[in-house]
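Shown next: query_21.pdb, containing PDB, C-alpha atoms.
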ATOM      1  CA  MET A   1       0.000   0.000   0.000  1.00  0.00           C
ATOM      2  CA  PHE A   2       1.375   3.381  -1.021  1.00  0.00           C
ATOM      3  CA  PHE A   3       0.410   6.759   0.282  1.00  0.00           C
ATOM      4  CA  SER A   4       1.588  10.302  -0.016  1.00  0.00           C
ATOM      5  CA  ILE A   5       4.175  11.630   2.407  1.00  0.00           C
ATOM      6  CA  ASN A   6       1.655  14.388   3.132  1.00  0.00           C
ATOM      7  CA  GLU A   7      -0.757  11.780   4.493  1.00  0.00           C
ATOM      8  CA  ILE A   8       1.607  10.758   7.310  1.00  0.00           C
ATOM      9  CA  THR A   9       0.277  11.979  10.633  1.00  0.00           C
ATOM     10  CA  GLU A  10       2.221  12.851  13.766  1.00  0.00           C
ATOM     11  CA  GLU A  11       1.020   9.557  15.255  1.00  0.00           C
ATOM     12  CA  ASP A  12       2.402   7.705  12.201  1.00  0.00           C
ATOM     13  CA  ASN A  13       5.740   9.465  12.696  1.00  0.00           C
ATOM     14  CA  LYS A  14       5.878   8.331  16.316  1.00  0.00           C
ATOM     15  CA  CYS A  15       5.100   4.740  15.322  1.00  0.00           C
ATOM     16  CA  ILE A  16       7.728   4.784  12.584  1.00  0.00           C
ATOM     17  CA  LEU A  17      10.379   6.192  14.918  1.00  0.00           C
ATOM     18  CA  THR A  18       9.483   3.659  17.605  1.00  0.00           C
ATOM     19  CA  GLU A  19       9.844   0.815  15.103  1.00  0.00           C
ATOM     20  CA  ILE A  20      13.204   2.140  13.897  1.00  0.00           C
ATOM     21  CA  GLU A  21      14.434   2.395  17.481  1.00  0.00           C
ATOM     22  CA  LYS A  22      13.288  -1.166  18.251  1.00  0.00           C
ATOM     23  CA  ASN A  23      15.100  -2.474  15.174  1.00  0.00           C
ATOM     24  CA  ASP A  24      18.255  -0.589  16.157  1.00  0.00           C
ATOM     25  CA  ILE A  25      18.161  -2.048  19.665  1.00  0.00           C
ATOM     26  CA  VAL A  26      17.610  -5.590  18.364  1.00  0.00           C
ATOM     27  CA  ASN A  27      20.514  -5.222  15.937  1.00  0.00           C
ATOM     28  CA  ARG A  28      22.821  -3.896  18.644  1.00  0.00           C
ATOM     29  CA  VAL A  29      21.874  -6.722  21.013  1.00  0.00           C
ATOM     30  CA  LYS A  30      22.620  -9.268  18.264  1.00  0.00           C
ATOM     31  CA  GLN A  31      25.975  -7.588  17.666  1.00  0.00           C
ATOM     32  CA  TYR A  32      26.839  -7.602  21.375  1.00  0.00           C
ATOM     33  CA  ILE A  33      25.891 -11.270  21.664  1.00  0.00           C
ATOM     34  CA  SER A  34      27.944 -12.236  18.619  1.00  0.00           C
ATOM     35  CA  ASN A  35      31.042 -10.622  20.189  1.00  0.00           C
ATOM     36  CA  MET A  36      30.722 -12.415  23.543  1.00  0.00           C
ATOM     37  CA  GLU A  37      32.664 -15.391  24.780  1.00  0.00           C
ATOM     38  CA  PRO A  38      31.014 -18.581  23.455  1.00  0.00           C
ATOM     39  CA  LYS A  39      29.746 -19.673  26.883  1.00  0.00           C
ATOM     40  CA  TYR A  40      27.600 -16.516  27.140  1.00  0.00           C
ATOM     41  CA  ARG A  41      26.857 -16.191  23.428  1.00  0.00           C
ATOM     42  CA  ASP A  42      25.496 -19.737  23.199  1.00  0.00           C
ATOM     43  CA  VAL A  43      23.153 -19.407  26.172  1.00  0.00           C
ATOM     44  CA  LEU A  44      21.828 -16.014  25.046  1.00  0.00           C
ATOM     45  CA  SER A  45      21.429 -17.187  21.452  1.00  0.00           C
ATOM     46  CA  PHE A  46      19.505 -20.284  22.471  1.00  0.00           C
ATOM     47  CA  TYR A  47      17.275 -18.178  24.716  1.00  0.00           C
ATOM     48  CA  PHE A  48      16.613 -15.147  22.509  1.00  0.00           C
ATOM     49  CA  ILE A  49      16.956 -16.523  18.993  1.00  0.00           C
ATOM     50  CA  TYR A  50      15.699 -20.078  19.398  1.00  0.00           C
ATOM     51  CA  ASP A  51      13.238 -19.261  22.202  1.00  0.00           C
ATOM     52  CA  MET A  52      14.494 -22.122  24.380  1.00  0.00           C
ATOM     53  CA  THR A  53      13.880 -22.402  28.115  1.00  0.00           C
ATOM     54  CA  PHE A  54      16.736 -22.605  30.588  1.00  0.00           C
ATOM     55  CA  LYS A  55      15.977 -26.308  31.024  1.00  0.00           C
ATOM     56  CA  GLU A  56      16.108 -26.918  27.260  1.00  0.00           C
ATOM     57  CA  ILE A  57      19.403 -25.023  27.043  1.00  0.00           C
ATOM     58  CA  SER A  58      20.770 -27.044  29.938  1.00  0.00           C
ATOM     59  CA  ASP A  59      19.845 -30.279  28.172  1.00  0.00           C
ATOM     60  CA  GLN A  60      21.175 -29.086  24.820  1.00  0.00           C
ATOM     61  CA  MET A  61      24.507 -27.886  26.199  1.00  0.00           C
ATOM     62  CA  GLN A  62      24.740 -30.688  28.767  1.00  0.00           C
ATOM     63  CA  ILE A  63      25.533 -28.309  31.600  1.00  0.00           C
ATOM     64  CA  PRO A  64      23.743 -27.751  34.927  1.00  0.00           C
ATOM     65  CA  LEU A  65      20.638 -25.569  34.943  1.00  0.00           C
ATOM     66  CA  SER A  66      22.269 -23.243  37.484  1.00  0.00           C
ATOM     67  CA  THR A  67      25.195 -22.699  35.083  1.00  0.00           C
ATOM     68  CA  VAL A  68      22.785 -21.746  32.302  1.00  0.00           C
ATOM     69  CA  GLN A  69      21.058 -19.270  34.600  1.00  0.00           C
ATOM     70  CA  THR A  70      24.347 -17.752  35.763  1.00  0.00           C
ATOM     71  CA  ARG A  71      25.638 -17.361  32.208  1.00  0.00           C
ATOM     72  CA  PHE A  72      22.326 -15.881  31.068  1.00  0.00           C
ATOM     73  CA  TYR A  73      22.177 -13.252  33.800  1.00  0.00           C
ATOM     74  CA  LYS A  74      25.870 -12.395  33.465  1.00  0.00           C
ATOM     75  CA  GLY A  75      25.537 -12.109  29.671  1.00  0.00           C
ATOM     76  CA  LYS A  76      22.425  -9.973  30.027  1.00  0.00           C
ATOM     77  CA  GLU A  77      24.289  -7.710  32.433  1.00  0.00           C
ATOM     78  CA  MET A  78      27.104  -7.379  29.865  1.00  0.00           C
ATOM     79  CA  ILE A  79      24.564  -6.208  27.284  1.00  0.00           C
ATOM     80  CA  ILE A  80      23.140  -3.644  29.700  1.00  0.00           C
ATOM     81  CA  GLU A  81      26.650  -2.369  30.414  1.00  0.00           C
ATOM     82  CA  LYS A  82      27.343  -1.987  26.681  1.00  0.00           C
ATOM     83  CA  PHE A  83      24.207   0.121  26.300  1.00  0.00           C
ATOM     84  CA  LYS A  84      25.250   2.270  29.268  1.00  0.00           C
ATOM     85  CA  GLU A  85      28.728   2.740  27.769  1.00  0.00           C
ATOM     86  CA  GLU A  86      27.098   4.008  24.583  1.00  0.00           C
ATOM     87  CA  GLY A  87      24.949   6.429  26.548  1.00  0.00           C
ATOM     88  CA  TYR A  88      21.637   4.717  25.854  1.00  0.00           C
ATOM     89  CA  ASP A  89      19.122   5.945  28.406  1.00  0.00           C
ATOM     90  CA  GLY A  90      16.005   4.028  27.314  1.00  0.00           C
TER      91      GLY A  90
END
Written as structure tokens, how would this file's structure read?
Amino acid sequence: MFFSINEITEEDNKCILTEIEKNDIVNRVKQYISNMEPKYRDVLSFYFIYDMTFKEISDQMQIPLSTVQTRFYKGKEMIIEKFKEEGYDG
């Protein structure tokens, strides 16, 4: 569906900008994950990309559930720190 640029409302602009920001965040998270040590990268990839539970990841990687949880939370904290370093305030 095509429409004139003049037909875009302020609400449309907000939605478009929100979608762009979401895509940017997702891409940065993927980049951060891809640059992590494999033990964190694998857990986060299984969780976020393949939508696996901690139990499923534990079974897949053949490591204790508590190790999966520790690696997940530590990896997630690394991502948060990267965003803070870049000055992201969202």
Open item on the list: Can you tell me which residues surround stretch 42-47 of chain A at a distance of at most 7 Å, considering all atoms listed in the file, apart from same-chain residues fewer than 5 positions away, and format the answer as a ChimeraX atom specification?
Closed with: /A:52-53,57,68,71-72
TODO: Choose the residue, out of A:Thr9, A:Ile16, A:Tyr40, A:Glu86, that has the smallest atom-to-atom separation from A:Lys74; count all atoms listed in the file.
DONE: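 Of the candidates, the smallest distance to A:Lys74 is held by A:Tyr40.
Minimum distance to A:Glu77 across A:Ile20, A:Asn27, A:Met36, A:Cys15 (counting all atoms listed in the file) occurs at A:Met36.
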Open item on the list: Using all atoms listed in the file for the distances, tell me which of A:Lys30, A:Lys55, A:Lys14, A:Lys39 is nearest to A:Ile79.
Closed with: A:Lys30
Calculate, to one decimal in Å, the centre and edge lengths of the box along x, y and z of the file that holds all listed atoms of stretch 71-77 of chain A with 6 Å of margin on each side, and present them as lines of an AutoDock Vina configuration file.
center_x = 24.0
center_y = -12.5
center_z = 31.7
size_x = 15.7
size_y = 21.7
size_z = 16.1
Open item on the list: Quick check, in Å to one decimal: how far apart do atom CA of A:Thr67 and atom CA of A:Tyr88 lie?
Closed with: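 Atom-to-atom, atom CA of A:Thr67 and atom CA of A:Tyr88 are spaced 29.1 Å apart.
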- [ ] Rank nothing, just name the residue among A:Pro38, A:Glu19, A:Tyr32, A:Asp59 nearest to A:Ile80, using all atoms listed in the file.
- [x] A:Tyr32
Task: Nearest candidate to A:Phe48 (options A:Ile63, A:Ile33, A:Lys84, A:Glu10; using all atoms listed in the file) - done: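 Counting all atoms listed in the file, the residue closest to A:Phe48 is A:Ile33.
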- [ ] Report the distance between atom CA of A:Glu21 and atom CA of A:Glu37 in Å, rounded to one decimal place.
- [x] 26.5 Å
Open item on the list: Given only C-alpha atoms as the basis, pick out the residue of A:Thr18, A:Asn23, A:Arg28, A:Phe54 nearest to A:Ser66.
Closed with: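 When distances to A:Ser66 are compared using only C-alpha atoms, the smallest one comes from A:Phe54.
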Because some atoms of stretch 66-77 of chain A are absent here, can you restore N, CA and C atoms and send them as a CSV table (one decimal), keeping the file's coordinate frame?
chain,number,residue,atom,x,y,z
A,66,SER,N,21.8,-24.4,36.8
A,66,SER,CA,22.3,-23.2,37.5
A,66,SER,C,23.4,-22.5,36.7
A,67,THR,N,24.2,-23.3,35.9
A,67,THR,CA,25.2,-22.7,35.1
A,67,THR,C,24.6,-21.9,33.9
A,68,VAL,N,23.5,-22.5,33.4
A,68,VAL,CA,22.8,-21.7,32.3
A,68,VAL,C,22.2,-20.4,32.8
A,69,GLN,N,21.6,-20.5,34.0
A,69,GLN,CA,21.1,-19.3,34.6
A,69,GLN,C,22.1,-18.2,34.9
A,70,THR,N,23.2,-18.7,35.5
A,70,THR,CA,24.3,-17.8,35.8
A,70,THR,C,24.9,-17.1,34.5
A,71,ARG,N,25.1,-17.9,33.5
A,71,ARG,CA,25.6,-17.4,32.2
A,71,ARG,C,24.6,-16.4,31.6
A,72,PHE,N,23.4,-16.7,31.6
A,72,PHE,CA,22.3,-15.9,31.1
A,72,PHE,C,22.3,-14.5,31.8
A,73,TYR,N,22.3,-14.5,33.1
A,73,TYR,CA,22.2,-13.3,33.8
A,73,TYR,C,23.5,-12.4,33.7
A,74,LYS,N,24.6,-13.1,33.6
A,74,LYS,CA,25.9,-12.4,33.5
A,74,LYS,C,25.9,-11.8,32.0
A,75,GLY,N,25.6,-12.6,31.1
A,75,GLY,CA,25.5,-12.1,29.7
A,75,GLY,C,24.6,-10.9,29.5
A,76,LYS,N,23.4,-11.1,30.1
A,76,LYS,CA,22.4,-10.0,30.0
A,76,LYS,C,23.0,-8.7,30.7
A,77,GLU,N,23.7,-8.9,31.8
A,77,GLU,CA,24.3,-7.7,32.4
A,77,GLU,C,25.4,-7.1,31.5
